[in-house]
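Have a look at the structure below, then the notes.
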Amino acid sequence: MNISEIPAWESLADEPMDSVDAEILARTAVLYERLDPVPADLVDQLRFAISLEALEFELAVLVVDADRLLSVRTEQTSTVQTLTFTCDALTIMVNVGSEGPGHKRIDGWLAPGSAGRVELHQSNRVLTADADPDGRFAFPTVEPGLTRFVVRLAPEDRHAPVATTMVEI
Amino acid sequence: MINAEAEQGTLASRAGELFERYRAGEAAAMGELVALLTPILWHTVRAQRLDRESTEDVLQTTWLALVGHAESIADPRAVLQWMLVAARREAWRLLRGQTRQTPAEIDEDAMATPDHQLPENVALRDADDQVLWAHVSALPERCRELLRVIAFADRPDYAELARALRMPIGSIGPTRGRCLAKLRASLTADARWELR
């Protein structure tokens, strides 16, 4: 069919939408759902893909303490904030200190002490540091923001990488 | 931030609210957001003539990008627009690679082909669907894309979403716009079309 032969559609274009338009669009949605349905398991797949399990990390969760709740929720954080993350194999402790406006210093250690690589993930950057055989590591200059740590233990430990939940530092 | 209106609001406002909750530390809100936005994103990417399997890849990449950039997104309330733009861009990136290699594979995908005929391998359940499909598929490609995406959203969001799809201002919302006007005119001129 040739659309250009249909009169008056151009004047229709400038009118506000009404219930007929709503029905046309609703039926268009149903039509596309029938013709080209979203795969039934796609939502679950996507959820899995963005979860840490899919990335084969073991998740270390934050041990919540009262001090942290106070310090995280205020703009002017007290001088040092201690965060502890745990999973079966590893505990990650980090001290977040203020190094002047806009900069933090992070000193951390892994327990049990173990050498490895520690990554600090923020939205648009990843910093890395080596943990010494006692499990100590440091990031001297860190910008505040949502942060997650990923710990890759030395190969001889034969352990999956550990990722922490995201926290605001 | 959270109010009753947003609670029951449009697709875009509900998405924005869930994304804000996720950024505030509520991890489960991301799962809800995935469920909420997957239909409209699916049809956005499929409208770019990408096959179904590649569309799944595009959506995964787009969601990973959202999670990766969660903190740097300037306006969390506009997360739906952000996702539409990101998904389309990723679809194009993939298409540029695909078309060089396997144009035949793309053509055999009935829904993605600008075909004025009904797709032979898809049974439309009733005559109404067949009529609607005949008129939808007669639209220019950009109009089909616009209406296909808009159909999964709510009216107050139309203008914003059209902008995210790089449609000209006034394509849809608050007025009907050319694409919907064309479809409506051709449907109402068709004696087989009846409103329910």
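Each chain of the structure tokens is named A, B, ... in the order shown, its residues numbered from 1; ligands are numbered from 1 in display order.
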Got a sec: who's within 12 Å of A:Ile92, counting only C-alpha atoms, leaving out chain neighbours fewer than 4 positions off, as number ranges by chain? A: 59-63, 82-88, 107-114, 118, 131, 135-137, 148-153, 162-165
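Residue-level contacts from chain A to chain B at 6 Å, counting only C-alpha atoms, read Trp9, Leu12, Ala13, Asp14, Glu15, Pro16, Met17, Leu25, Ala29, Val43, Leu46, Arg47, Ile50 and Ser123 of chain A.
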Go ahead and write the selection's residues with N, CA and C atoms as a short mmCIF file (atom, residue, chain, number, x, y, z; two decimals), in the first residue's frame.
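Generated output (out-v4.cif):
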```cif
data_model
loop_
_atom_site.label_atom_id
_atom_site.label_comp_id
_atom_site.auth_asym_id
_atom_site.auth_seq_id
_atom_site.Cartn_x
_atom_site.Cartn_y
_atom_site.Cartn_z
N TRP A 9 -3.09 12.69 6.88
CA TRP A 9 -2.30 12.22 8.02
C TRP A 9 -1.41 13.32 8.58
N LEU A 12 -3.01 15.17 11.21
CA LEU A 12 -3.10 14.34 12.42
C LEU A 12 -1.85 14.46 13.28
N ALA A 13 -0.72 14.71 12.61
CA ALA A 13 0.56 14.67 13.32
C ALA A 13 0.67 15.73 14.40
N ASP A 14 -0.01 16.86 14.21
CA ASP A 14 0.13 17.96 15.16
C ASP A 14 -0.89 17.93 16.29
N GLU A 15 -1.76 16.94 16.27
CA GLU A 15 -2.78 16.85 17.32
C GLU A 15 -2.23 16.10 18.52
N PRO A 16 -2.80 16.38 19.68
CA PRO A 16 -2.41 15.58 20.85
C PRO A 16 -2.87 14.14 20.70
N MET A 17 -2.18 13.25 21.39
CA MET A 17 -2.57 11.84 21.31
C MET A 17 -3.85 11.60 22.10
N LEU A 25 -0.87 1.79 19.94
CA LEU A 25 0.46 1.48 20.47
C LEU A 25 0.43 0.23 21.36
N ALA A 29 2.56 -3.15 20.68
CA ALA A 29 3.42 -3.85 21.64
C ALA A 29 3.07 -5.33 21.69
N VAL A 43 16.05 -12.55 31.11
CA VAL A 43 16.20 -11.73 32.31
C VAL A 43 17.12 -12.42 33.32
N LEU A 46 20.72 -12.26 32.14
CA LEU A 46 21.32 -10.94 32.30
C LEU A 46 21.64 -10.67 33.76
N ARG A 47 20.71 -11.06 34.63
CA ARG A 47 20.99 -10.87 36.06
C ARG A 47 22.24 -11.63 36.47
N ILE A 50 25.55 -10.00 35.25
CA ILE A 50 26.06 -8.83 35.96
C ILE A 50 26.30 -9.13 37.44
N SER A 123 34.27 3.48 39.32
CA SER A 123 33.45 3.48 38.10
C SER A 123 34.31 3.60 36.84
#
```
Run DSSP on the backbone and tell me which residues of chain A come out as helix (DSSP H, G or I); list them as a CSV table (one decimal) with C-alpha atoms, in the first residue's frame.
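Saved as states35.csv:
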```csv
chain,number,residue,atom,x,y,z
A,3,ILE,CA,1.0,5.7,2.3
A,4,SER,CA,1.3,8.9,0.3
A,5,GLU,CA,-2.2,8.3,-1.1
A,9,TRP,CA,-2.3,12.2,8.0
A,10,GLU,CA,-0.1,15.3,8.2
A,11,SER,CA,-2.7,17.3,10.0
A,12,LEU,CA,-3.1,14.3,12.4
A,13,ALA,CA,0.6,14.7,13.3
A,19,SER,CA,-7.2,6.9,23.4
A,20,VAL,CA,-7.1,5.6,19.9
A,21,ASP,CA,-3.4,6.2,19.7
A,22,ALA,CA,-3.0,4.5,23.0
A,23,GLU,CA,-4.8,1.5,21.7
A,24,ILE,CA,-2.8,1.4,18.5
A,25,LEU,CA,0.5,1.5,20.5
A,26,ALA,CA,-0.8,-1.1,23.0
A,27,ARG,CA,-1.7,-3.4,20.2
A,28,THR,CA,1.7,-2.7,18.5
A,29,ALA,CA,3.4,-3.8,21.6
A,30,VAL,CA,1.4,-7.0,21.8
A,31,LEU,CA,2.1,-7.7,18.1
A,32,TYR,CA,5.8,-7.4,18.6
A,33,GLU,CA,5.7,-9.5,21.7
A,34,ARG,CA,4.1,-12.3,19.6
A,35,LEU,CA,6.3,-11.9,16.6
A,42,LEU,CA,16.9,-13.7,29.1
A,43,VAL,CA,16.2,-11.7,32.3
A,44,ASP,CA,17.8,-14.4,34.5
A,45,GLN,CA,20.8,-14.7,32.1
A,46,LEU,CA,21.3,-10.9,32.3
A,47,ARG,CA,21.0,-10.9,36.1
A,48,PHE,CA,23.5,-13.6,36.3
A,49,ALA,CA,25.9,-12.0,33.9
A,52,LEU,CA,29.8,-11.5,40.6
A,53,GLU,CA,29.3,-15.2,40.5
A,54,ALA,CA,29.4,-15.1,36.7
A,55,LEU,CA,32.7,-13.4,36.9
A,66,ALA,CA,28.0,1.1,63.9
A,67,ASP,CA,31.0,3.3,63.2
A,68,ARG,CA,30.8,2.7,59.6
A,69,LEU,CA,27.2,3.5,59.3
A,70,LEU,CA,27.9,6.8,60.9
A,71,SER,CA,30.9,7.6,58.8
A,72,VAL,CA,29.6,6.5,55.5
A,73,ARG,CA,26.5,8.6,55.6
A,155,PRO,CA,48.6,-18.9,42.2
A,156,GLU,CA,49.9,-21.4,44.7
A,157,ASP,CA,46.9,-20.6,46.9
```
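Nearest-residue note for A:Glu119: choosing from A:Pro161, A:Pro144, A:Pro39, A:Gly102, the minimum distance belongs to A:Pro161, counting only C-alpha atoms.
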Can you list every residue in chain A that DSSP puts in strand (DSSP E), as a ChimeraX atom specification? /A:58-62,80-86,91-98,104-111,116-122,125-131,136-142,146-153,162-164,167-168
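Going from atom CA of B:Thr10 over to atom CA of B:Pro168, you cover 22.2 Å.
Take atom CA of B:Glu141 and atom CA of B:Arg88: the distance between them is 14.9 Å.
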